[in-house]
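So the structure is just underneath, and the comments pick up after that.
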Amino acid sequence: MLRAFPSLIIAAIALPGILLHSALAEAADPLPRHLHETGLFADAGTTIDARNLPFAPQYPLWSDGARKRRWIHLPPGSAIDASRPDAWEFPVGTRLWKEFSLGRPIETRFIERLADGTWRFAAYVWNEAGTEATLAPREGMSLSVPMAPQGRYSIPASDDCRACHEGAAVPVLGFSALQLSSDRDPLAPHTEAHTGISVADFVRRGLIRNAPAALIDDPPRIAATSPVERAALGYLHGNCAHCHNDSGAPAPVDLVLAQSAGDPASTQRVLHSMIGGAVRFRGHGLGNDATLIAVGNPQSSVLIARMRSRNPNTQMPPIGTQAADIEALALIERWIAEKSLSTPSPSQETKP
Amino acid sequence: MNRSRSITLIVLAIAASASDTASAEEKAADTLARGKYLVTVAGCNDCHTPWKVGPAGPEPDMSRMLSGHPESIAISAPATAVGQWIAAANTTNTAHSGPWGVSFTANLTPDAETGLGKWTQSTFTQTIRTGRHMGRGRKILPPMPIPMYRNFTDEDLAAMFTYLQSIPAIKNRVPEPLSPAVASAAATSE
């Protein structure tokens with residue numbers, strides 16, 4: 001008797017998509033049509049304006065192997081208020097760019113803080129010659145890119161930008177005390193060349209103000225019991241903490257993976273939430289009593305199963321990646337395999 | 001004179017305060033009623049309340065109002081599509097099988113562990129706006145009409161969430177969806 005319902009349901013969900021895109025387009029903020037209009041370049045070509053400062057987080061987000069470059073611009077005379085170590089306040093007019101390359105530049109993402117304090121997000125798609133990048137549709141798009149997984153590259157929808165960036169204490173994810181610490185993690189996966197611009201550099205230039213002296217004198221690092229644990233927790237911070245945190249507007253999940261630059265005890269909170277916490281995930285042959293971390297047994301850990309999965313319903317992260325991060329999986333597996341329940345509490349002992 | 005004037009001002013202030021309180025209560029009641037109305041006419045019960053067969057045929061079992069797919073009903077394989085049909089619903093109309101795999105309707109009651117008890121207004125609004133679980137996770141699957149519902153206003157969604165937080169909490173852990181690949185494998189093995 002109920003078999004009549006599905007056809008009606010399918011008809012109901014098929015049509016509205018057209019209306020949706022039209023309605024969203026009308027509501028869109030006017031964004032520059034081309035990347036060069038955002039102020040990234042110094043000239044009509046692609047030379048970066050010297051006022052836009054490059055930076056590189058020590059725990060970069062996995063983006064299916066894309067090479068990335070990043071820049072920040074602060075309006076003249078303005079500065080970042082760093083009085084809250086994990087929630088820097090960026091001045092109105094702050095702009096950040098992130099360029100993604102797979103053999104050639106594919107896209108450059110752009111975020112900007114507006115006069116009313118809100119942020120706007122956009123993606124610009126490069127032409128094959130690498131001479132110009134054009135604003136992508138709000139609903140995102142799929143490109144043919146030979147070096148991308150299965151030859152397809154996804155430009156995120158603006159809602160997807162917000163899904164990640166608006167879950168943390170501040171929407172700027174890779175520019176923070178921990179990410180820019182000069183005490184770089186040598187085991188961090190996909191670590192990028194340090195640009196030489198650290199928190200201390202920004203402070204010297206007057207671009208960061210009110211930073212607690214302790215963070216300058218003693219650059220933050222994750223308080224782990226071993227170098228492997230430090231890198232593993234750092235990876236999870238950089239790739240997962242924008243949703244798995246207990247500040248900002250987080251998803252209502254119990255798992256917290258965010259490290260605090262101003263509180264070394266945050267590592268203990270992270271470990272507590274990872275080990276022994278309830279898991280609602282079922283599947284991948286792990287059984288109904290599987291735990292997020294099966295200490296000493298990575299292959300029985302839900303964390304590994306979800307990081308390895310690229311099933312859209314189960315993969316982690318759920319957005320922005322189509323290929324599992326093999327290097328990171330090896331690191332996290334090693335950490336779980338080496339970890340024991342008797343592991344002493346994290347401390348700063350590993351700091352040289 | 002001055003004393004009389006002061007008393008008058010105090011009386012007016014108390015009256016205004018009482019008026020504000022009454023106004024706030026009326027507004028809260030209006031919001032709740034508006035939310036109930038929207039949840040009702042938007043058809044949330046059609047899929048999120050398990051169906052039972054009554055004297056007049058299938059009808060929502062309101063003793064399990066908006067508690068989603070019953071965890072006691074295990075489904076491990078998709079429906080077999082025949083002819084021009086591409087989707088099917090189970091007997092409680094809480095599990096839906098189609099090209100997306102098998103989806104199970106969510107528990108919308110305020111149970112903290114299995115429903116929306118830990119959600120905030122922002123979580124709810126972002127979920128409908130983005131079409132992603134909790135506003136950040138996996139995509140919400142058909143037949144949830146996200147393309148339509150995302151056009152609700154912020155005020156509408158706030159009212160709906162207010163109402164959903166007011167209904168009886170029911171503990172019911174809804175299973176995760178079956179992906180097409182998993183569903184196909186299960187069907188083949190049966």
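In the structure tokens, the first chain shown is A, the next is B, and so on; residue numbers restart at 1 for each chain, and ligands run from 1 in the order shown.
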
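The chain B residues that come within 7 Å of chain A are Ala87, Ala88, Ala89, Thr91, Lys118, Trp119, Thr123, Thr130, Met134, Gly135, Arg136, Gly137, Arg138, Pro143, Pro145, Pro147, Met148 and Ser179 of chain B, with only C-alpha atoms taken into account.
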
Could you go through region 73-286 of chain A and tell me which residues DSSP, when run on the backbone, assigns to strand (DSSP E), listing them as a ChimeraX atom specification?
/A:73,80-81,95-101,105-113,119-126,133-135,141-144,152-155,208-209

Exercise: Thr134 (chain A) partners within 9 Å, only C-alpha atoms, chain neighbours under 6 positions left out, as a PyMOL selection string:
chain A and resi 32-35+107+123-127

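All residues of protein, DNA or RNA that reach within 9 Å of Thr92 (chain B), judged by only C-alpha atoms and not counting those fewer than 3 positions away in the chain, are Leu2 of chain A; Cys47, Thr49, Pro50, Trp51, Lys52, Val53, Pro58, Pro60, His69, Pro70, Ala89 and Ala95 of chain B.
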
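Our summary of the geometry notes that CA of Arg152 (chain A) is positioned 13.0 Å from CA of Gly140 (chain A).
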
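Each of B:Thr114, B:Ser97, B:Ser122, B:Thr153 was compared to Leu141 (chain B) using only C-alpha atoms, and B:Ser97 turns out to be the nearest.
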
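Of the residues in region 68-160 of chain B, those given alpha helix (DSSP H) by DSSP on the backbone are Gln121, Ser122, Thr123, Phe124, Thr125, Gln126, Thr127, Ile128, Arg129, Thr130, Ile146, Pro147, Met148, Tyr149, Asp154, Glu155, Asp156, Leu157, Ala158, Ala159 and Met160 of chain B.
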
Could you write out the selected residues, including C-alpha atoms, as a compact mmCIF listing (two decimals), in the first residue's frame?
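Result written to again_2.txt:
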# COMPACT_ATOMS: atom_id res chain seq x y z
CA GLN B 121 19.25 26.61 16.97
CA SER B 122 22.33 27.21 14.83
CA THR B 123 22.88 23.48 14.30
CA PHE B 124 19.31 23.05 13.12
CA THR B 125 19.34 26.06 10.82
CA GLN B 126 22.69 25.12 9.30
CA THR B 127 21.53 21.55 8.76
CA ILE B 128 18.58 22.71 6.68
CA ARG B 129 20.58 25.42 4.92
CA THR B 130 23.55 23.25 3.94
CA ILE B 146 16.26 19.91 1.54
CA PRO B 147 16.05 21.82 -1.76
CA MET B 148 12.60 23.02 -0.68
CA TYR B 149 13.12 23.36 3.04
CA ASP B 154 15.45 32.01 9.75
CA GLU B 155 12.36 32.86 11.78
CA ASP B 156 10.52 29.80 10.46
CA LEU B 157 13.42 27.51 11.30
CA ALA B 158 13.78 29.05 14.76
CA ALA B 159 10.11 28.43 15.44
CA MET B 160 10.30 24.85 14.17

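Checking B:Arg132, B:Lys171, B:Lys36, B:Arg150 one by one against Gly117 (chain B), counting only C-alpha atoms, you find the shortest gap at B:Lys171.
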